[in-house]
There are 2 protein chains.
Amino acid sequence: MTCEAFPSDCQATLTIDLDRIITNYRTCRSLAGGTDCAAMVKADAYGMGIEQVAPALYNKAGCRNFFVANLAEAIKLRRHVPDAIIYVLNGVFPGHVPYFIQHRIRPVLNDLDQIQLWAAVTAADRPACAIHFDSGINRLGLSPQETGAFIGDTTLQACLNIALIMSHLACSDAPEHPLNLTQLQNFTAITRHFPGIPASLANSGGILLGPDYHFDLARPGLMMFGGNPSPRPLPDGIQAAYHISGKVLQLRDLRIGETVGYGATWTAERPSRIAIINVGYADGYLQVFNNCGQTAYKGHMLPIVGRVSMDMIAVDITDLEVTEISPGDDVELLGEHITLEMASEVSTLSQYEILTGVKERYQRVYK
Amino acid sequence: MTCEAFPSDCQATLTIDLDRIITNYRTCRSLAGGTDCAAMVKADAYGMGIEQVAPALYNKAGCRNFFVANLAEAIKLRRHVPDAIIYVLNGVFPGHVPYFIQHRIRPVLNDLDQIQLWAAVTAADRPACAIHFDSGINRLGLSPQETGAFIGDTTLQACLNIALIMSHLACSDAPEHPLNLTQLQNFTAITRHFPGIPASLANSGGILLGPDYHFDLARPGLMMFGGNPSPRPLPDGIQAAYHISGKVLQLRDLRIGETVGYGATWTAERPSRIAIINVGYADGYLQVFNNCGQTAYKGHMLPIVGRVSMDMIAVDITDLEVTEISPGDDVELLGEHITLEMASEVSTLSQYEILTGVKERYQRVYK
């Protein structure tokens with residue numbers, strides 16, 4: 001973002017492993033039984049950097065379909081994957097059609113108003129679009145009533161070049177939830193009215209629900225980055241593509257009874273030694289980790305003590321040898337040893353929130 | 001950040017009122033009995049944009065002292081306030097001194113190692129620095145043992161140009177907490193060893209603890225942006241400087257028994273109408289607001305129903321007239337009606353976390 005030079009060790013670091021994202025994407029495709037996979041790269045590719053992630057997937061993994069949430073994200077993405085298919089999940093609004101046309105972006109049309117708007121403006125050229133049917137999440141997409149009306153309106157359909165029909169699962173992270181089967185049945189019934197048009201239902205969790213859910217295009221997001229969308233063990237071949245490390249700013253000895261941090265919420269019950277690390281909630285490491293988060297250092301787990309501050313945390317290093325850790329050393333906050341699943345479990349944040357919650361202040365390193 | 005053109009209404013919007021930040025800063029100075037105030041602008045000015053906030057405070061409010069957390073933030077800030085005094089709270093590390101010198105940045109020296117490093121390299125020119133004494137938070141700053149050693153080492157002191165001595169309060173948000181008085185006494189005792197050198201203790205909360213805590217320089221952060229650092233009512237003259245609004249993407253009618261969103265966690269108990277808004281946890285609006293957050297629209301409070309998604313939320317609009325709200329309309333998530341205090345209370349996030357948690361995806365408007 002800026003071109004100033006500063007020493008690389010004055011910030012905490014978010015390292016993103018593009019090769020792992022590519023491998024994870026390929027694993028998703030294989031878990032989907034060879035079904036083609038689009039890449040969900042909304043929210044700056046789940047915080048991992050759309051500018052780097054999207055071209056890596058396009059050039060090295062053959063990914064051709066990308067989904068983002070809004071038009072601004074799509075227009076930014078277009079620069080980085082000039083020939084990819086880009087869908088905008090929020091759909092189209094009055095005044096937006098020329099931007100879609102100019103940048104060759106496809107709207108996901110979510111209701112009859114959006115469909116009619118798109119059809120009216122584009123009837124001559126019929127650029128491609130997707131239609132989103134709500135099969136039970138009650139969020140975006142044509143309602144059952146609108147779905148019926150649209151299926152019956154062949155005149156309206158004839159104005160459109162429908163490249164994809166899609167729906168979205170509400171409970172794919174809970175394989176036993178009855179809503180999964182209901183949505184599958186609803187969507188399957190809809191697809192019968194659109195023979196020959198590719199259909200898409202599964203997000204990461206949906207991929208793991210089995211072949212019935214795969215249709216023609218899956219849409220993995222979380223699993224591409226190494227998160228686990230299911231209560232079951234992470235599938236083989238999916239690896240963490242993220243690593244957050246903070247630097248030790250200072251070490252400090254505490255007597256019994258001394259407290260640490262804002263609100264004095266942690267008290268030393270033995271002579272203790274703490275390290276102050278340069279990551280705080282302004283980096284996305286929130287106070288839900290107060291007195292319960294874990295960090296990893298040279299095979300040791302170092303617990304967070306006290307409240308997370310805006311710019312720093314304290315970890316208990318009493319069990320380390322005194323010479324084992326010094327200012328400037330790196331401590332892992334998320335990665336191989338502190339997985340998204342572990343961080344999610346202690347914090348009650350979802351894996352998605354932890355991943356997309358990473359803030360701009362990290363130094364970003366791509367490998 | 002980018003130069004592409006896209007329609008302004010395809011994103012949610014974070015509006016930052018620079019005039020209010022200036023007024024709030026002046027109010028802080030007045031609450032501090034006229035004591036000079038530095039501005040805490042770490043973490044991108046608490047998420048509000050250091051590039052806009054710092055020059056506004058410098059040029060329009062006469063603020064001359066700025067604090068950031070790390071050297072990278074300081075070097076970026078230097079471009080925007082070329083003549084201001086800039087302090088780096090994390091202090092100095094091996095290899096960093098030339099950057100401090102080149103950009104005329106002052107380190108806040110937090111332990112004897114940092115002091116000796118700075119003294120050794122800068123003995124000839126003696127550029128200004130600050131010394132941070134830990135008076136009881138047990139985070140950064142010289143420990144009591146180091147403080148004693150430093151006070152006794154007049155040779156070391158003579159190598160330094162100490163422009164400021166400072167400490168930081170652990171419990172200023174709890175006026176009755178006994179640690180406040182302990183820290184005040186500890187810091188006051190230290191200041192006696194440094195006659196003539198300006199001293200600083202109070203953050204926003206410390207300003208409200210009264211004149212004993214003000215010393216020569218206060219360091220407001222949260223209150224400058226309109227947050228309340230105290231359990232007592234927000235002082236007169238402090239106003240919200242932030243406003244987050246989302247746009248209605250779609251409206252949807254629900255029958256009794258239908259559920260909304262991921263996990264189907266909200267069920268319509270009456271025929272209901274919901275609006276889908278284009279803000280989600282990837283914007284910083286986290287799942288702690290599931291089924292408990294509030295939004296404001298034309299004098300109505302519209303509650304969040306179901307889980308917050310990555311890119312959207314659903315709000316219950318059943319009590320509005322059908323024609324009263326349409327796709328494209330703006331709904332307030334944070335601002336005049338949904339204050340930081342209210343959002344903090346329902347979510348258990350701190351006001352600081354909500355403010356610094358705003359993400360890059362918002363369209364930013366400064367007024």
# chains A, B, ... in the order shown; residues from 1 in each chain; ligands from 1

call {"tool": "closest_atom_pairs", "arguments": {"of": "segment 13-119 of chain B", "to": "segment 204-215 of chain B", "cutoff": "8 Å", "atoms": "only C-alpha atoms", "output": "tab-separated table"}}
result
residue	atom	partner	partner_atom	distance
B:Cys28	CA	B:Ile207	CA	7.5
B:Leu31	CA	B:Ile207	CA	6.8
B:Ala32	CA	B:Ile207	CA	5.5
B:Gly33	CA	B:Pro211	CA	7.1
B:Thr35	CA	B:His214	CA	6.7

call {"tool": "residues_around", "arguments": {"residues": "segment 58-74 of chain A", "least_positions_apart": "3", "cutoff": "6 Å", "atoms": "only C-alpha atoms", "output": "list in words"}}
result
Ile22, Ala38, Ala39, Met40, Val41, Lys42, Pro55, Leu77, Ala84, Ile85, Ile86, Tyr87, Val88, Leu89 and Asn90 of chain A; Phe6 of chain B

call {"tool": "write_last_selection", "arguments": {"atoms": "C-alpha atoms", "output": "JSON list (two decimals), in the first residue's frame"}}
result
[["chain", "number", "residue", "atom", "x", "y", "z"],
["A", 22, "ILE", "CA", -3.18, -24.19, -4.61],
["A", 38, "ALA", "CA", -14.83, -21.98, -8.24],
["A", 39, "ALA", "CA", -12.84, -20.01, -5.67],
["A", 40, "MET", "CA", -14.59, -17.85, -3.09],
["A", 41, "VAL", "CA", -12.30, -14.84, -2.84],
["A", 42, "LYS", "CA", -14.64, -12.30, -1.29],
["A", 55, "PRO", "CA", -3.83, -15.05, -9.87],
["A", 77, "LEU", "CA", -10.26, -8.45, -8.95],
["A", 84, "ALA", "CA", -11.42, -15.30, -15.43],
["A", 85, "ILE", "CA", -15.16, -15.57, -14.90],
["A", 86, "ILE", "CA", -16.13, -13.32, -11.99],
["A", 87, "TYR", "CA", -19.48, -13.48, -10.21],
["A", 88, "VAL", "CA", -20.87, -10.86, -7.81],
["A", 89, "LEU", "CA", -23.00, -12.49, -5.12],
["A", 90, "ASN", "CA", -24.84, -9.32, -4.10],
["B", 6, "PHE", "CA", -17.13, 1.85, -9.17]]

call {"tool": "residues_around", "arguments": {"residues": "Ala130 of chain A", "least_positions_apart": "2", "cutoff": "10 Å", "atoms": "only C-alpha atoms", "output": "list in words"}}
result
Tyr87, Val88, Leu89, Gly91, Arg106, Pro107, Val108, Leu109, Asn110, Ile115, Ala128, His132, Phe133, Leu160, Asn161, Ile162, Ala163, Leu164, Ile165, Met166, Ile197, Pro198 and Ala199 of chain A

call {"tool": "closest_atom_pairs", "arguments": {"of": "chain A", "to": "chain B", "cutoff": "6 Å", "atoms": "only C-alpha atoms", "output": "tab-separated table"}}
result
residue	atom	partner	partner_atom	distance
A:Phe6	CA	B:Ala72	CA	5.9
A:Ala43	CA	B:Ala282	CA	5.9
A:Ala72	CA	B:Phe6	CA	5.9
A:Ile137	CA	B:Gly261	CA	5.0
A:Asn138	CA	B:Val260	CA	5.0
A:Arg139	CA	B:Gly261	CA	6.0
A:Ala170	CA	B:Tyr262	CA	4.3
A:Cys171	CA	B:Gly263	CA	5.0
A:Val260	CA	B:Asn138	CA	5.0
A:Gly261	CA	B:Ile137	CA	5.0
A:Tyr262	CA	B:Ala170	CA	4.3
A:Gly263	CA	B:Cys171	CA	5.0
A:Ala282	CA	B:Thr356	CA	5.5
A:Thr356	CA	B:Ala282	CA	5.5

call {"tool": "atom_distance", "arguments": {"atom1": "atom CA of Pro303 of chain B", "atom2": "atom CA of Thr267 of chain B"}}
result
13.5 Å

call {"tool": "closest_residue", "arguments": {"among": "B:Leu181, B:Met342, B:Leu334, B:Val308", "to": "Asn228 of chain B", "atoms": "only C-alpha atoms"}}
result
B:Met342

call {"tool": "closest_residue", "arguments": {"among": "A:Ile131, A:Met48, A:Ile21, A:Val81", "to": "Phe194 of chain A", "atoms": "only C-alpha atoms"}}
result
A:Ile131
